[in-house]
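Shown next: input_18.txt, given as compact mmCIF, N, CA and C atoms.
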```txt
# COMPACT_ATOMS: atom_id res chain seq x y z
N MET A 1 0.83 -1.19 0.00
CA MET A 1 0.00 0.00 0.00
C MET A 1 0.88 1.26 0.00
N LEU A 2 1.97 1.22 0.72
CA LEU A 2 2.87 2.36 0.72
C LEU A 2 3.47 2.60 -0.66
N HIS A 3 3.74 1.52 -1.37
CA HIS A 3 4.29 1.65 -2.73
C HIS A 3 3.29 2.37 -3.62
N THR A 4 2.02 2.00 -3.52
CA THR A 4 0.98 2.64 -4.33
C THR A 4 0.89 4.13 -3.99
N LEU A 5 0.89 4.45 -2.71
CA LEU A 5 0.83 5.85 -2.28
C LEU A 5 2.05 6.62 -2.80
N PHE A 6 3.22 6.03 -2.73
CA PHE A 6 4.43 6.68 -3.22
C PHE A 6 4.33 6.98 -4.71
N ILE A 7 3.87 6.02 -5.48
CA ILE A 7 3.74 6.21 -6.93
C ILE A 7 2.73 7.31 -7.24
N MET A 8 1.61 7.34 -6.51
CA MET A 8 0.61 8.38 -6.72
C MET A 8 1.20 9.76 -6.46
N LEU A 9 1.93 9.91 -5.38
CA LEU A 9 2.53 11.20 -5.06
C LEU A 9 3.63 11.56 -6.06
N LYS A 10 4.38 10.58 -6.52
CA LYS A 10 5.46 10.82 -7.47
C LYS A 10 4.92 11.29 -8.82
N ARG A 11 3.85 10.63 -9.29
CA ARG A 11 3.27 10.97 -10.60
C ARG A 11 2.34 12.18 -10.53
N GLY A 12 1.79 12.46 -9.37
CA GLY A 12 0.82 13.55 -9.25
C GLY A 12 -0.51 13.20 -9.87
N ALA A 13 -0.84 11.91 -9.91
CA ALA A 13 -2.09 11.45 -10.51
C ALA A 13 -2.74 10.44 -9.58
N HIS A 14 -4.04 10.25 -9.77
CA HIS A 14 -4.75 9.27 -8.95
C HIS A 14 -4.41 7.85 -9.39
N TYR A 15 -4.70 6.91 -8.52
CA TYR A 15 -4.38 5.50 -8.79
C TYR A 15 -5.38 4.91 -9.77
N ARG A 16 -4.88 4.19 -10.75
CA ARG A 16 -5.73 3.47 -11.70
C ARG A 16 -5.27 2.02 -11.70
N ALA A 17 -6.17 1.15 -11.30
CA ALA A 17 -5.83 -0.27 -11.24
C ALA A 17 -5.59 -0.79 -12.65
N PRO A 18 -4.51 -1.52 -12.87
CA PRO A 18 -4.21 -2.01 -14.22
C PRO A 18 -5.16 -3.09 -14.71
N THR A 19 -5.87 -3.74 -13.81
CA THR A 19 -6.77 -4.82 -14.22
C THR A 19 -8.20 -4.35 -14.46
N ILE A 20 -8.51 -3.10 -14.14
CA ILE A 20 -9.85 -2.57 -14.31
C ILE A 20 -9.92 -1.84 -15.65
N ASP A 21 -10.92 -2.16 -16.45
CA ASP A 21 -11.12 -1.50 -17.74
C ASP A 21 -12.15 -0.38 -17.55
N ASP A 22 -11.66 0.86 -17.39
CA ASP A 22 -12.54 1.99 -17.13
C ASP A 22 -13.51 2.23 -18.28
N GLU A 23 -13.07 2.03 -19.51
CA GLU A 23 -13.94 2.24 -20.66
C GLU A 23 -15.11 1.26 -20.65
N GLN A 24 -14.84 0.00 -20.33
CA GLN A 24 -15.90 -1.00 -20.27
C GLN A 24 -16.91 -0.66 -19.18
N LEU A 25 -16.45 -0.19 -18.03
CA LEU A 25 -17.36 0.19 -16.95
C LEU A 25 -18.24 1.37 -17.37
N ALA A 26 -17.68 2.33 -18.09
CA ALA A 26 -18.46 3.47 -18.55
C ALA A 26 -19.52 3.03 -19.55
N VAL A 27 -19.18 2.12 -20.44
CA VAL A 27 -20.15 1.62 -21.42
C VAL A 27 -21.28 0.88 -20.72
N GLN A 28 -20.96 0.05 -19.73
CA GLN A 28 -21.99 -0.68 -19.00
C GLN A 28 -22.95 0.27 -18.29
N ARG A 29 -22.42 1.35 -17.73
CA ARG A 29 -23.26 2.32 -17.01
C ARG A 29 -24.16 3.09 -17.97
N ASN A 30 -23.66 3.42 -19.15
CA ASN A 30 -24.37 4.33 -20.05
C ASN A 30 -25.14 3.64 -21.17
N ALA A 31 -24.99 2.34 -21.35
CA ALA A 31 -25.58 1.64 -22.49
C ALA A 31 -27.09 1.80 -22.54
N ALA A 32 -27.76 1.70 -21.42
CA ALA A 32 -29.22 1.81 -21.41
C ALA A 32 -29.66 3.19 -21.90
N ARG A 33 -28.97 4.23 -21.49
CA ARG A 33 -29.32 5.58 -21.94
C ARG A 33 -29.03 5.76 -23.42
N TRP A 34 -27.92 5.18 -23.91
CA TRP A 34 -27.58 5.30 -25.31
C TRP A 34 -28.61 4.60 -26.19
N ILE A 35 -29.16 3.51 -25.71
CA ILE A 35 -30.13 2.75 -26.49
C ILE A 35 -31.48 3.46 -26.52
N THR A 36 -31.90 4.07 -25.41
CA THR A 36 -33.21 4.71 -25.36
C THR A 36 -33.21 6.13 -25.93
N ALA A 37 -32.07 6.78 -26.04
CA ALA A 37 -32.02 8.16 -26.49
C ALA A 37 -32.60 8.37 -27.90
N PRO A 38 -32.27 7.58 -28.91
CA PRO A 38 -32.85 7.82 -30.25
C PRO A 38 -34.37 7.73 -30.25
N THR A 39 -34.93 6.82 -29.48
CA THR A 39 -36.38 6.69 -29.40
C THR A 39 -36.98 7.92 -28.72
N ARG A 40 -36.35 8.37 -27.67
CA ARG A 40 -36.87 9.51 -26.92
C ARG A 40 -36.83 10.79 -27.75
N PHE A 41 -35.82 10.96 -28.58
CA PHE A 41 -35.69 12.18 -29.37
C PHE A 41 -36.33 12.06 -30.75
N GLY A 42 -36.99 10.95 -31.04
CA GLY A 42 -37.74 10.81 -32.27
C GLY A 42 -36.94 10.38 -33.48
N CYS A 43 -35.72 9.94 -33.32
CA CYS A 43 -34.91 9.48 -34.45
C CYS A 43 -35.34 8.10 -34.92
N ILE A 44 -35.86 7.30 -33.99
CA ILE A 44 -36.33 5.95 -34.29
C ILE A 44 -37.75 5.83 -33.75
N ALA A 45 -38.64 5.25 -34.54
CA ALA A 45 -40.02 5.08 -34.09
C ALA A 45 -40.07 4.04 -32.97
N ALA A 46 -40.88 4.32 -31.97
CA ALA A 46 -41.03 3.40 -30.84
C ALA A 46 -41.76 2.14 -31.29
N VAL A 47 -41.32 1.00 -30.81
CA VAL A 47 -41.94 -0.27 -31.14
C VAL A 47 -43.08 -0.50 -30.16
N ALA A 48 -44.26 -0.80 -30.71
CA ALA A 48 -45.43 -0.97 -29.84
C ALA A 48 -45.56 -2.35 -29.30
```
Since I need it in another form, could you write the structure as structure tokens?
Amino acid sequence: MLHTLFIMLKRGAHYRAPTIDDEQLAVQRNAARWITAPTRFGCIAAVA
């Protein structure tokens, strides 16, 4: 843990775990909104 803290202070940046895919997490959080947005704004007709 001290090593991680040292690296953070040395780089001046927050810690990012190398095994976590931040882009994939963002897509999972936002996918539902991305799918419903075209229907809500009238670009795609709603399926009845």
Write out as a list in words the set of residues from chain A that DSSP, computed on the backbone, places in helix (DSSP H, G or I).
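Taking chain A and keeping helix (DSSP H, G or I) only, one gets Leu2, His3, Thr4, Leu5, Phe6, Ile7, Met8, Leu9, Lys10, Arg11, Asp22, Glu23, Gln24, Leu25, Ala26, Val27, Gln28, Arg29, Asn30, Ala31, Ala32, Arg33, Trp34, Ile35, Thr36, Ala37, Pro38, Thr39 and Arg40 of chain A.
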Residues as selected, N, CA and C atoms, written as an mmCIF file, keeping the file's coordinate frame, can you do that?
```cif
data_model
loop_
_atom_site.group_PDB
_atom_site.id
_atom_site.type_symbol
_atom_site.label_atom_id
_atom_site.label_comp_id
_atom_site.auth_asym_id
_atom_site.auth_seq_id
_atom_site.Cartn_x
_atom_site.Cartn_y
_atom_site.Cartn_z
ATOM 1 N N LEU A 2 1.970 1.220 0.720
ATOM 2 C CA LEU A 2 2.870 2.360 0.720
ATOM 3 C C LEU A 2 3.470 2.600 -0.660
ATOM 4 N N HIS A 3 3.740 1.520 -1.370
ATOM 5 C CA HIS A 3 4.290 1.650 -2.730
ATOM 6 C C HIS A 3 3.290 2.370 -3.620
ATOM 7 N N THR A 4 2.020 2.000 -3.520
ATOM 8 C CA THR A 4 0.980 2.640 -4.330
ATOM 9 C C THR A 4 0.890 4.130 -3.990
ATOM 10 N N LEU A 5 0.890 4.450 -2.710
ATOM 11 C CA LEU A 5 0.830 5.850 -2.280
ATOM 12 C C LEU A 5 2.050 6.620 -2.800
ATOM 13 N N PHE A 6 3.220 6.030 -2.730
ATOM 14 C CA PHE A 6 4.430 6.680 -3.220
ATOM 15 C C PHE A 6 4.330 6.980 -4.710
ATOM 16 N N ILE A 7 3.870 6.020 -5.480
ATOM 17 C CA ILE A 7 3.740 6.210 -6.930
ATOM 18 C C ILE A 7 2.730 7.310 -7.240
ATOM 19 N N MET A 8 1.610 7.340 -6.510
ATOM 20 C CA MET A 8 0.610 8.380 -6.720
ATOM 21 C C MET A 8 1.200 9.760 -6.460
ATOM 22 N N LEU A 9 1.930 9.910 -5.380
ATOM 23 C CA LEU A 9 2.530 11.200 -5.060
ATOM 24 C C LEU A 9 3.630 11.560 -6.060
ATOM 25 N N LYS A 10 4.380 10.580 -6.520
ATOM 26 C CA LYS A 10 5.460 10.820 -7.470
ATOM 27 C C LYS A 10 4.920 11.290 -8.820
ATOM 28 N N ARG A 11 3.850 10.630 -9.290
ATOM 29 C CA ARG A 11 3.270 10.970 -10.600
ATOM 30 C C ARG A 11 2.340 12.180 -10.530
ATOM 31 N N ASP A 22 -11.660 0.860 -17.390
ATOM 32 C CA ASP A 22 -12.540 1.990 -17.130
ATOM 33 C C ASP A 22 -13.510 2.230 -18.280
ATOM 34 N N GLU A 23 -13.070 2.030 -19.510
ATOM 35 C CA GLU A 23 -13.940 2.240 -20.660
ATOM 36 C C GLU A 23 -15.110 1.260 -20.650
ATOM 37 N N GLN A 24 -14.840 0.000 -20.330
ATOM 38 C CA GLN A 24 -15.900 -1.000 -20.270
ATOM 39 C C GLN A 24 -16.910 -0.660 -19.180
ATOM 40 N N LEU A 25 -16.450 -0.190 -18.030
ATOM 41 C CA LEU A 25 -17.360 0.190 -16.950
ATOM 42 C C LEU A 25 -18.240 1.370 -17.370
ATOM 43 N N ALA A 26 -17.680 2.330 -18.090
ATOM 44 C CA ALA A 26 -18.460 3.470 -18.550
ATOM 45 C C ALA A 26 -19.520 3.030 -19.550
ATOM 46 N N VAL A 27 -19.180 2.120 -20.440
ATOM 47 C CA VAL A 27 -20.150 1.620 -21.420
ATOM 48 C C VAL A 27 -21.280 0.880 -20.720
ATOM 49 N N GLN A 28 -20.960 0.050 -19.730
ATOM 50 C CA GLN A 28 -21.990 -0.680 -19.000
ATOM 51 C C GLN A 28 -22.950 0.270 -18.290
ATOM 52 N N ARG A 29 -22.420 1.350 -17.730
ATOM 53 C CA ARG A 29 -23.260 2.320 -17.010
ATOM 54 C C ARG A 29 -24.160 3.090 -17.970
ATOM 55 N N ASN A 30 -23.660 3.420 -19.150
ATOM 56 C CA ASN A 30 -24.370 4.330 -20.050
ATOM 57 C C ASN A 30 -25.140 3.640 -21.170
ATOM 58 N N ALA A 31 -24.990 2.340 -21.350
ATOM 59 C CA ALA A 31 -25.580 1.640 -22.490
ATOM 60 C C ALA A 31 -27.090 1.800 -22.540
ATOM 61 N N ALA A 32 -27.760 1.700 -21.420
ATOM 62 C CA ALA A 32 -29.220 1.810 -21.410
ATOM 63 C C ALA A 32 -29.660 3.190 -21.900
ATOM 64 N N ARG A 33 -28.970 4.230 -21.490
ATOM 65 C CA ARG A 33 -29.320 5.580 -21.940
ATOM 66 C C ARG A 33 -29.030 5.760 -23.420
ATOM 67 N N TRP A 34 -27.920 5.180 -23.910
ATOM 68 C CA TRP A 34 -27.580 5.300 -25.310
ATOM 69 C C TRP A 34 -28.610 4.600 -26.190
ATOM 70 N N ILE A 35 -29.160 3.510 -25.710
ATOM 71 C CA ILE A 35 -30.130 2.750 -26.490
ATOM 72 C C ILE A 35 -31.480 3.460 -26.520
ATOM 73 N N THR A 36 -31.900 4.070 -25.410
ATOM 74 C CA THR A 36 -33.210 4.710 -25.360
ATOM 75 C C THR A 36 -33.210 6.130 -25.930
ATOM 76 N N ALA A 37 -32.070 6.780 -26.040
ATOM 77 C CA ALA A 37 -32.020 8.160 -26.490
ATOM 78 C C ALA A 37 -32.600 8.370 -27.900
ATOM 79 N N PRO A 38 -32.270 7.580 -28.910
ATOM 80 C CA PRO A 38 -32.850 7.820 -30.250
ATOM 81 C C PRO A 38 -34.370 7.730 -30.250
ATOM 82 N N THR A 39 -34.930 6.820 -29.480
ATOM 83 C CA THR A 39 -36.380 6.690 -29.400
ATOM 84 C C THR A 39 -36.980 7.920 -28.720
ATOM 85 N N ARG A 40 -36.350 8.370 -27.670
ATOM 86 C CA ARG A 40 -36.870 9.510 -26.920
ATOM 87 C C ARG A 40 -36.830 10.790 -27.750
#
```
Quick check, in Å to one decimal: how far apart do atom CA of Ala31 of chain A and atom CA of Ile44 of chain A lie?
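Between atom CA of Ala31 of chain A and atom CA of Ile44 of chain A the gap works out to 16.5 Å.
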Could you jot down the atom N of Cys43 of chain A to atom C of Asn30 of chain A separation for me, Å, one decimal place?
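Separation between atom N of Cys43 of chain A and atom C of Asn30 of chain A: 17.3 Å.
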Could you state the separation of atom C of Ala17 of chain A and atom C of Arg29 of chain A in Å, given to one decimal place?
19.7 Å
As JSON, please: the centre and edge lengths in Å, to one decimal, of an axis-aligned box enclosing every listed atom of segment 13-25 of chain A with 6 Å added on each side.
```
{"center_x": -9.5, "center_y": 3.5, "center_z": -14.6, "size_x": 29.4, "size_y": 28.7, "size_z": 24.1}
```
